[in-house]
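Next comes final.cif, a file with mmCIF, C-alpha atoms and all ligand atoms.
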```
data_coords
loop_
_atom_site.label_atom_id
_atom_site.label_comp_id
_atom_site.auth_asym_id
_atom_site.auth_seq_id
_atom_site.Cartn_x
_atom_site.Cartn_y
_atom_site.Cartn_z
CA MET H 1 75.94 100.85 50.90
CA PRO H 2 78.63 100.95 48.19
CA SER H 3 79.36 97.85 46.14
CA THR H 4 83.13 98.15 46.48
CA VAL H 5 85.53 99.43 49.10
CA ALA H 6 89.12 100.65 48.98
CA LEU H 7 91.37 98.40 51.05
CA THR H 8 94.79 99.90 51.70
CA VAL H 9 97.35 97.38 52.89
CA ALA H 10 100.86 97.90 54.22
CA ARG H 11 103.41 96.12 52.06
CA TYR H 12 106.95 95.29 52.94
CA ARG H 13 108.96 92.96 50.77
CA PRO H 14 112.51 93.11 52.11
CA GLU H 15 114.00 91.93 48.80
CA ARG H 16 112.28 94.76 46.93
CA GLU H 17 111.93 97.74 49.23
CA SER H 18 113.83 99.05 52.20
CA GLU H 19 110.82 100.87 53.71
CA PRO H 20 107.23 99.68 54.08
CA THR H 21 104.84 101.11 51.48
CA PHE H 22 101.10 101.01 50.97
CA GLN H 23 99.07 99.41 48.24
CA THR H 24 95.36 99.95 47.63
CA TYR H 25 93.00 97.32 46.27
CA GLU H 26 89.41 97.81 45.16
CA ILE H 27 87.47 94.91 46.65
CA PRO H 28 83.79 93.98 46.59
CA PHE H 29 81.94 95.06 49.70
CA ARG H 30 79.89 92.33 51.33
CA LYS H 31 78.05 92.81 54.57
CA ASP H 32 79.07 89.43 55.94
CA TRP H 33 82.76 89.90 55.21
CA VAL H 34 85.35 90.49 57.88
CA VAL H 35 88.67 92.20 57.14
CA LEU H 36 90.34 88.80 56.88
CA ASP H 37 87.89 87.80 54.11
CA ALA H 38 88.88 90.92 52.23
CA LEU H 39 92.57 90.08 52.61
CA ASN H 40 91.92 86.54 51.42
CA HIS H 41 90.02 87.94 48.45
CA VAL H 42 93.06 90.03 47.56
CA LYS H 43 95.35 87.04 47.93
CA ASP H 44 93.13 84.67 45.91
CA GLU H 45 91.93 87.01 43.17
CA LEU H 46 94.11 90.09 42.89
CA ASP H 47 97.60 89.68 44.25
CA GLY H 48 98.96 86.34 45.40
CA SER H 49 102.08 87.94 46.80
CA LEU H 50 100.35 89.48 49.83
CA SER H 51 101.48 87.84 53.08
CA PHE H 52 99.53 87.64 56.33
CA ARG H 53 98.85 85.10 59.05
CA TRP H 54 95.59 83.45 59.91
CA SER H 55 94.27 80.06 60.78
CA CYS H 56 90.99 79.49 62.60
CA ARG H 57 88.80 82.31 61.27
CA MET H 58 86.87 82.24 64.53
CA GLY H 59 88.79 84.24 67.10
CA VAL H 60 90.49 81.26 68.69
CA CYS H 61 93.99 80.90 67.29
CA GLY H 62 95.12 84.48 67.79
CA SER H 63 97.20 84.63 64.63
CA CYS H 64 95.27 87.21 62.58
CA GLY H 65 96.02 90.30 64.71
CA MET H 66 96.65 93.46 62.65
CA LYS H 67 95.98 97.15 62.88
CA VAL H 68 92.73 98.11 61.19
CA ASN H 69 92.41 101.86 60.73
CA GLY H 70 94.99 102.34 63.44
CA THR H 71 93.52 100.06 66.11
CA PRO H 72 94.83 96.57 66.91
CA LYS H 73 92.12 94.06 65.93
CA LEU H 74 91.54 90.40 65.23
CA THR H 75 90.88 90.69 61.51
CA CYS H 76 88.66 87.60 61.55
CA ALA H 77 86.33 89.30 64.00
CA THR H 78 86.28 92.78 62.48
CA PHE H 79 83.52 93.42 59.95
CA LEU H 80 84.01 95.60 56.89
CA SER H 81 80.59 97.06 57.58
CA ASP H 82 81.94 98.67 60.78
CA TYR H 83 84.02 101.01 58.58
CA VAL H 84 82.42 101.24 55.14
CA PRO H 85 81.87 103.62 53.35
CA ALA H 86 85.17 104.92 54.80
CA PRO H 87 88.27 103.32 53.28
CA ILE H 88 89.96 100.59 55.29
CA ARG H 89 93.62 100.51 56.08
CA VAL H 90 95.38 97.39 57.32
CA GLU H 91 98.84 97.48 58.86
CA PRO H 92 101.02 95.06 60.82
CA LEU H 93 100.89 95.25 64.63
CA ASP H 94 102.99 98.04 66.14
CA TYR H 95 106.23 97.48 68.06
CA PHE H 96 107.09 94.10 66.53
CA PRO H 97 109.64 93.77 63.72
CA VAL H 98 107.87 93.23 60.39
CA VAL H 99 108.98 90.09 58.59
CA ARG H 100 106.93 90.68 55.47
CA ASP H 101 103.79 92.68 54.63
CA LEU H 102 101.45 92.05 57.59
CA VAL H 103 103.51 89.33 59.24
CA VAL H 104 105.38 90.29 62.42
CA ASP H 105 108.11 88.52 64.35
CA LEU H 106 106.95 87.39 67.81
CA THR H 107 110.25 86.03 69.11
CA ASP H 108 110.45 88.71 71.80
CA PHE H 109 107.09 87.70 73.28
CA MET H 110 107.89 83.99 73.10
CA ARG H 111 111.04 84.61 75.11
CA LYS H 112 109.21 86.67 77.73
CA LEU H 113 106.38 84.18 77.95
CA LYS H 114 108.83 81.43 78.85
CA GLN H 115 110.44 83.65 81.49
CA VAL H 116 107.25 83.92 83.53
CA LYS H 117 106.86 80.12 83.62
CA PRO H 118 103.27 79.82 82.45
CA TRP H 119 102.72 76.28 83.60
CA ILE H 120 101.74 74.59 86.85
CA ILE H 121 104.70 74.35 89.19
CA ARG H 122 104.60 71.90 92.09
CA THR H 123 107.23 71.48 94.74
CA GLU H 124 106.28 67.84 94.77
CA GLU H 125 104.16 65.98 92.24
CA LYS H 126 101.84 63.45 93.78
CA PRO H 127 101.94 60.02 92.14
CA PRO H 128 99.28 59.47 89.44
CA ALA H 129 97.76 56.71 91.53
CA GLU H 130 96.54 59.33 94.00
CA GLY H 131 94.34 60.85 91.35
CA GLU H 132 93.85 64.31 89.88
CA TYR H 133 94.30 67.64 91.58
CA LEU H 134 90.73 68.65 92.25
CA GLN H 135 89.47 72.20 91.99
CA THR H 136 86.15 73.77 92.91
CA PRO H 137 84.25 76.00 90.46
CA ASP H 138 85.08 78.96 92.72
CA GLN H 139 88.78 78.20 92.53
CA LEU H 140 88.49 77.96 88.77
CA ASP H 141 86.73 81.31 88.60
CA THR H 142 89.63 83.15 90.27
CA TYR H 143 91.87 82.68 87.23
CA LYS H 144 89.55 81.64 84.41
CA GLN H 145 89.39 85.08 82.85
CA PHE H 146 93.20 85.24 82.55
CA SER H 147 93.26 81.80 80.96
CA MET H 148 91.23 83.00 77.97
CA CYS H 149 94.27 84.66 76.36
CA ILE H 150 94.95 83.55 72.79
CA ASN H 151 98.37 85.23 72.48
CA CYS H 152 97.12 87.50 69.74
CA MET H 153 99.47 90.34 70.76
CA LEU H 154 96.88 93.07 70.32
CA CYS H 155 97.62 94.21 73.86
CA TYR H 156 101.35 94.62 73.16
CA SER H 157 100.61 96.56 70.04
CA ALA H 158 98.27 98.84 72.01
CA CYS H 159 100.67 99.40 74.91
CA PRO H 160 102.64 102.65 74.63
CA ILE H 161 104.99 101.51 77.38
CA TYR H 162 105.98 98.42 75.40
CA GLY H 163 106.65 100.76 72.49
CA LEU H 164 108.93 102.93 74.63
CA GLU H 165 110.53 100.18 76.72
CA PRO H 166 110.89 97.00 74.71
CA SER H 167 112.28 95.25 77.79
CA PHE H 168 108.85 95.47 79.51
CA ILE H 169 107.51 91.94 79.99
CA GLY H 170 104.14 93.19 78.84
CA PRO H 171 100.41 92.67 79.41
CA ALA H 172 99.67 89.16 78.13
CA ALA H 173 102.73 87.55 79.73
CA ILE H 174 101.90 89.10 83.12
CA ALA H 175 98.24 88.12 82.82
CA LEU H 176 99.33 84.56 82.03
CA ALA H 177 101.70 84.52 84.99
CA GLN H 178 98.78 85.63 87.13
CA ARG H 179 96.64 82.89 85.58
CA TYR H 180 99.00 80.32 87.13
CA ASN H 181 99.59 82.24 90.35
CA MET H 182 95.88 82.20 91.07
CA ASP H 183 95.51 78.52 90.23
CA SER H 184 94.90 76.52 93.40
CA ARG H 185 97.04 73.67 92.03
CA ASP H 186 100.08 75.86 91.47
CA GLU H 187 102.95 76.48 93.89
CA GLY H 188 105.17 78.62 91.71
CA ALA H 189 104.10 82.13 92.73
CA ALA H 190 107.35 82.91 94.54
CA GLU H 191 109.43 81.86 91.51
CA ARG H 192 107.39 84.09 89.22
CA LEU H 193 107.45 87.00 91.63
CA LYS H 194 111.22 87.20 91.24
CA ILE H 195 110.87 87.98 87.55
CA LEU H 196 107.70 89.99 87.75
CA SER H 197 108.73 92.29 90.58
CA GLU H 198 111.75 93.44 88.61
CA HIS H 199 111.59 96.87 87.01
CA ASP H 200 110.86 95.27 83.63
CA GLY H 201 107.96 93.39 85.16
CA ILE H 202 104.91 94.96 86.75
CA TRP H 203 106.56 98.23 87.74
CA GLN H 204 107.06 99.41 84.17
CA CYS H 205 103.30 99.57 83.75
CA THR H 206 101.80 103.00 84.33
CA PHE H 207 98.21 101.78 83.99
CA VAL H 208 97.42 103.27 80.61
CA GLY H 209 94.78 100.56 80.26
CA GLU H 210 94.80 100.29 76.46
CA CYS H 211 95.66 96.57 76.67
CA THR H 212 92.37 95.80 78.35
CA LYS H 213 90.48 97.95 75.87
CA VAL H 214 91.74 96.11 72.79
CA CYS H 215 91.73 92.57 74.20
CA PRO H 216 89.27 90.52 72.13
CA LYS H 217 88.95 87.90 74.88
CA HIS H 218 88.20 90.23 77.81
CA VAL H 219 91.26 88.99 79.65
CA ASP H 220 91.78 92.39 81.35
CA PRO H 221 95.58 92.28 81.44
CA ALA H 222 95.66 95.75 83.02
CA GLY H 223 93.62 94.39 85.91
CA ALA H 224 96.00 91.44 86.26
CA ILE H 225 98.97 93.78 86.45
CA GLN H 226 97.40 96.04 89.09
CA GLN H 227 96.43 92.96 91.09
CA TYR H 228 99.99 91.78 90.86
CA LYS H 229 101.36 95.17 91.89
CA LEU H 230 99.37 94.89 95.09
CA THR H 231 100.86 91.44 95.69
CA GLY H 232 104.34 92.78 94.97
CA ALA H 233 103.88 95.80 97.22
CA THR H 234 102.46 93.69 100.06
CA ARG H 235 105.44 91.36 99.79
CA TRP H 236 107.71 94.36 99.90
CA VAL H 237 106.10 95.75 103.05
CA LYS H 238 106.31 92.31 104.65
CA SER H 239 109.98 92.03 103.78
CA LEU H 240 110.59 95.37 105.52
CA LEU H 241 108.65 94.46 108.63
CA LEU H 242 109.92 90.89 108.85
CA PRO H 243 113.28 90.98 107.10
CA TRP H 244 114.22 87.59 108.50
CA GLY H 245 111.07 85.65 107.78
CA THR H 246 109.94 86.31 104.23
CA ARG H 247 108.93 83.29 102.30
CA MET B 1 114.66 104.28 92.84
CA GLY B 2 114.07 100.63 91.99
CA ARG B 3 114.05 99.53 95.62
CA ILE B 4 111.33 101.89 96.74
CA THR B 5 109.12 101.53 93.67
CA PRO B 6 106.55 99.45 95.61
CA LEU B 7 106.33 102.19 98.26
CA LEU B 8 105.84 104.90 95.65
CA TRP B 9 103.17 102.82 94.02
CA LEU B 10 101.40 102.20 97.32
CA LEU B 11 101.35 105.95 97.99
CA PHE B 12 100.16 106.52 94.43
CA SER B 13 97.25 104.11 94.67
CA ALA B 14 96.30 105.16 98.19
CA GLY B 15 96.33 108.77 96.99
CA GLY B 16 94.20 107.89 94.00
CA THR B 17 91.65 106.18 96.21
CA VAL B 18 91.51 109.14 98.61
CA ALA B 19 91.17 111.60 95.74
CA ALA B 20 88.46 109.59 94.02
CA LEU B 21 86.39 108.93 97.13
CA LEU B 22 86.80 112.02 99.28
CA PHE B 23 87.55 114.92 96.93
CA PRO B 24 84.10 114.84 95.31
CA VAL B 25 82.46 115.18 98.73
CA HIS B 26 84.57 118.23 99.57
CA LEU B 27 84.11 119.72 96.13
CA VAL B 28 80.35 119.40 96.26
CA LEU B 29 80.18 120.81 99.79
CA THR B 30 82.57 123.74 99.53
CA GLY B 31 82.28 124.32 95.79
CA LEU B 32 78.51 124.06 95.29
CA ALA B 33 76.38 123.33 98.34
CA PHE B 34 77.67 126.12 100.61
CA PRO B 35 78.13 128.95 98.08
CA LEU B 36 74.80 128.20 96.37
CA GLY B 37 73.03 128.05 99.68
CA TRP B 38 71.78 124.44 99.35
CA LEU B 39 73.22 123.87 102.78
CA GLU B 40 73.94 126.42 105.43
CA ALA B 41 77.67 127.12 105.48
CA PRO B 42 79.33 126.35 108.80
CA SER B 43 80.74 129.32 110.67
CA TYR B 44 84.42 130.05 111.02
CA GLU B 45 84.26 129.43 114.75
CA PHE B 46 82.65 126.04 114.21
CA LEU B 47 85.28 124.94 111.71
CA HIS B 48 88.04 126.22 113.92
CA ARG B 49 86.67 124.22 116.82
CA LEU B 50 86.51 121.13 114.57
CA LEU B 51 90.17 121.58 113.79
CA THR B 52 91.18 121.33 117.41
CA HIS B 53 90.32 117.65 117.30
CA PRO B 54 93.42 115.58 116.46
CA MET B 55 91.42 113.10 114.34
CA ILE B 56 90.22 115.92 112.09
CA ARG B 57 93.79 117.12 111.67
CA LEU B 58 94.91 113.61 110.84
CA TYR B 59 92.07 113.35 108.33
CA LEU B 60 93.13 116.58 106.63
CA PHE B 61 96.72 115.44 106.59
CA VAL B 62 95.78 112.22 104.79
CA LEU B 63 93.41 114.10 102.50
CA ILE B 64 96.13 116.48 101.35
CA SER B 65 99.31 114.45 101.51
CA LEU B 66 98.38 111.18 99.80
CA PRO B 67 96.90 112.80 96.67
CA LEU B 68 100.11 114.84 96.37
CA PHE B 69 102.00 111.57 95.99
CA HIS B 70 99.39 110.39 93.53
CA TRP B 71 100.01 113.52 91.50
CA ALA B 72 103.79 113.14 91.76
CA HIS B 73 103.72 109.61 90.38
CA ARG B 74 101.37 110.45 87.53
CA PHE B 75 103.16 113.64 86.61
CA ARG B 76 106.50 111.90 86.71
CA TYR B 77 105.35 109.40 84.12
CA THR B 78 103.64 112.08 82.11
CA LEU B 79 106.97 113.87 81.79
CA TYR B 80 108.99 110.72 81.45
CA ASP B 81 106.90 108.82 78.90
CA GLY B 82 104.70 111.56 77.54
CA LEU B 83 107.39 114.10 76.79
CA GLN B 84 110.06 111.45 76.25
CA LEU B 85 112.47 112.95 78.80
CA LYS B 86 114.15 109.64 79.49
CA HIS B 87 117.56 111.15 80.08
CA LEU B 88 116.20 113.32 82.90
CA THR B 89 114.60 110.47 84.77
CA GLU B 90 116.40 111.05 88.11
CA LEU B 91 115.83 114.79 88.06
CA ILE B 92 112.15 114.35 87.25
CA ALA B 93 111.66 111.81 90.02
CA VAL B 94 113.42 113.99 92.58
CA LEU B 95 111.40 117.06 91.54
CA CYS B 96 108.02 115.32 91.52
CA TYR B 97 108.34 113.37 94.75
CA GLY B 98 110.22 116.31 96.23
CA VAL B 99 107.23 118.59 95.68
CA ALA B 100 104.91 115.98 97.19
CA PHE B 101 107.24 115.61 100.13
CA LEU B 102 107.50 119.36 100.68
CA GLY B 103 103.73 119.70 100.43
CA THR B 104 103.35 116.95 102.98
CA ALA B 105 105.84 118.58 105.35
CA MET B 106 104.11 121.92 104.97
CA THR B 107 100.71 120.38 105.62
CA ALA B 108 102.00 118.70 108.73
CA TYR B 109 103.61 121.93 109.93
CA LEU B 110 100.48 124.01 109.39
CA LEU B 111 98.12 121.47 110.92
CA TRP B 112 100.40 120.98 113.88
CA ASN B 113 100.58 124.72 114.56
CA ILE B 114 96.88 125.55 114.43
CA PRO B 115 96.26 127.28 117.70
S1 LIG T 301 95.66 89.41 76.79
FE1 LIG T 301 94.06 89.69 75.22
S2 LIG T 301 94.99 91.08 73.73
FE2 LIG T 301 96.65 90.29 74.96
S3 LIG T 301 97.42 88.52 73.83
FE3 LIG T 301 95.92 87.73 75.30
S4 LIG T 301 93.97 87.70 74.18
FE4 LIG T 301 95.38 88.99 72.99
S1 LIG T 302 92.19 83.63 62.40
FE1 LIG T 302 92.31 82.71 64.33
S2 LIG T 302 91.88 84.37 65.66
FE2 LIG T 302 91.56 85.25 63.72
#
```
Would you mind writing the structure in this file as structure tokens?
Ligand code: SF4
Ligand code: FES
Amino acid sequence: MPSTVALTVARYRPERESEPTFQTYEIPFRKDWVVLDALNHVKDELDGSLSFRWSCRMGVCGSCGMKVNGTPKLTCATFLSDYVPAPIRVEPLDYFPVVRDLVVDLTDFMRKLKQVKPWIIRTEEKPPAEGEYLQTPDQLDTYKQFSMCINCMLCYSACPIYGLEPSFIGPAAIALAQRYNMDSRDEGAAERLKILSEHDGIWQCTFVGECTKVCPKHVDPAGAIQQYKLTGATRWVKSLLLPWGTR
Amino acid sequence: MGRITPLLWLLFSAGGTVAALLFPVHLVLTGLAFPLGWLEAPSYEFLHRLLTHPMIRLYLFVLISLPLFHWAHRFRYTLYDGLQLKHLTELIAVLCYGVAFLGTAMTAYLLWNIP
């Protein structure tokens, strides 16, 4: 194994350059280093001007998503040793506006996330005195997988449809909507269906499946979308057969 | 187009299921097992007699028609997204589903008219 590795990083400093450029740093190669460690090494030792986001260093916060050699990755969970001796290239996530260097602007996702109402909706809240809403382990299992999302945006960056149609609500937001739809305590499915059964919702998806492939938390957003399509289509058939009585 | 999207998707997924489950059986039988002599090939008369049964005709209709719609949907998006022909979206949709529809009509016509 080599003792150093070439780390090429996308740079964009709006006050200095109008187009993103690349800068290469020679960094020590250590077997226990992840890409984020290498970036922190650059920032601490070589070039303090490099900007990127991170927080937990343990695959929980979802803020360190970047493209590593072309594939969306959590940089805190991606080891240098998976690439070395090949050079490593780090770029900001695709399809989001770049604010600076490796930092992208997530406003679009935040807006979409709010649209799908990812919280428990009740037609009527029972008074606290009546106790919690109980749930069996089986009921928990129906949505648990979708609740593991850390909003890292790797799935958006991997989705060619989101790249072509920025209005597409996108994988994580739909998976999170499904997380609440499947929750036995929730009564908001009909409200969410209105947004999700629009063209920009589930029907934009052509089941490329890349979102599921890159998801570090095994959320399977592609599965959530197909599941939801079946719900949407069933509703549609029902509304044809019983035009007067659809709930 | 927007209104019937769920229908097109239902046809697409039903067609995909049919193609994935039943095509391999037919391919193995007629493509390998019969020509290579693993199994004795049924005679023309036998197959013809099979075809007189309405359920067999219905089966063939489903087997041919649904996968056509699966193809139409996939090919539509291949053209639309893959080749970036956004401006031709209506034309592409009409052509793709049109071909599937014609194929379906032709299948029905032929199956119906088997003596
Ligand atoms: S679904 Fe997976 S890839 Fe997408 S934001 Fe959530 S954790 Fe990240
Ligand atoms: S730093 Fe929190 S997920 Fe990578």
Subject >> Surrounding residues of Tyr77 in chain B excluding itself and chain neighbours under 3 positions, 12 Å, only C-alpha atoms, as a count of residues only >> reply: 28
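Remark: for chain H, the closest of the candidate residues B:His26, B:His53, B:His48, B:Arg76 is B:Arg76 (distances computed over only C-alpha atoms).
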Mind listing as a JSON list (two decimals) with C-alpha atoms, keeping the file's coordinate frame all residues within 12 Å of (101.6, 120.1, 109.0), counting all atoms listed in the file?
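Printed below is point_29.json as written:
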```json
[["chain", "number", "residue", "atom", "x", "y", "z"],
["B", 54, "PRO", "CA", 93.42, 115.58, 116.46],
["B", 57, "ARG", "CA", 93.79, 117.12, 111.67],
["B", 58, "LEU", "CA", 94.91, 113.61, 110.84],
["B", 59, "TYR", "CA", 92.07, 113.35, 108.33],
["B", 60, "LEU", "CA", 93.13, 116.58, 106.63],
["B", 61, "PHE", "CA", 96.72, 115.44, 106.59],
["B", 62, "VAL", "CA", 95.78, 112.22, 104.79],
["B", 64, "ILE", "CA", 96.13, 116.48, 101.35],
["B", 65, "SER", "CA", 99.31, 114.45, 101.51],
["B", 101, "PHE", "CA", 107.24, 115.61, 100.13],
["B", 102, "LEU", "CA", 107.50, 119.36, 100.68],
["B", 103, "GLY", "CA", 103.73, 119.70, 100.43],
["B", 104, "THR", "CA", 103.35, 116.95, 102.98],
["B", 105, "ALA", "CA", 105.84, 118.58, 105.35],
["B", 106, "MET", "CA", 104.11, 121.92, 104.97],
["B", 107, "THR", "CA", 100.71, 120.38, 105.62],
["B", 108, "ALA", "CA", 102.00, 118.70, 108.73],
["B", 109, "TYR", "CA", 103.61, 121.93, 109.93],
["B", 110, "LEU", "CA", 100.48, 124.01, 109.39],
["B", 111, "LEU", "CA", 98.12, 121.47, 110.92],
["B", 112, "TRP", "CA", 100.40, 120.98, 113.88],
["B", 113, "ASN", "CA", 100.58, 124.72, 114.56],
["B", 114, "ILE", "CA", 96.88, 125.55, 114.43]]
```
**OP:** Output the neighbourhood of ligand LIG 301 (chain T) as a PyMOL selection string, that is, all protein and nucleic acid residues with some atom at most 8 Å from the ligand, counting all atoms listed in the file.
**Re:** chain H and resi 62+146+148-156+171-173+175+211-212+214-221
Original post:
Near Val9 in chain H, counting all atoms listed in the file, which residues have an atom at most 12 Å away, once you skip same-chain residues fewer than 6 positions from it, shown as a PyMOL selection string?
Top reply: chain H and resi 20-27+35-36+38-39+42-43+47+50-52+66-70+87-92+100-103
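Comparing H:Ala158, H:Ile169, H:Ala86, H:Cys64 by their smallest distance to Val116 in chain H, the closest is H:Ile169 (using all atoms listed in the file).
CA of Gly131 in chain H lies 26.0 Å from CA of Leu176 in chain H.
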Subject >> Atomic separation - CA of Cys76 in chain H relative to atom FE1 of ligand LIG 302 (chain T), Å >> reply: 6.7 Å
Original post:
Got a sec to pull out which chain H residues are within 7 Å of chain B, counting all atoms listed in the file, and send them as a PyMOL selection string?
Top reply: chain H and resi 199+233+236
Original post:
Could you list, as JSON, numbers by chain, all the residues within 9 Å of ligand LIG 302 (chain T), counting all atoms listed in the file?
Top reply: {"H": [36, 53, 54, 55, 56, 57, 58, 59, 60, 61, 62, 63, 64, 65, 74, 75, 76, 77, 150, 152]}
Centre and size of axis-aligned box enclosing range 7-21 of chain H plus 5 Å each side, as JSON:
```
{"center_x": 102.7, "center_y": 96.5, "center_z": 50.6, "size_x": 32.6, "size_y": 19.2, "size_z": 17.3}
```
Original post:
Hey, can you check how far CA of Thr8 in chain H sits from CA of Asp105 in chain H?
Top reply: 21.6 Å
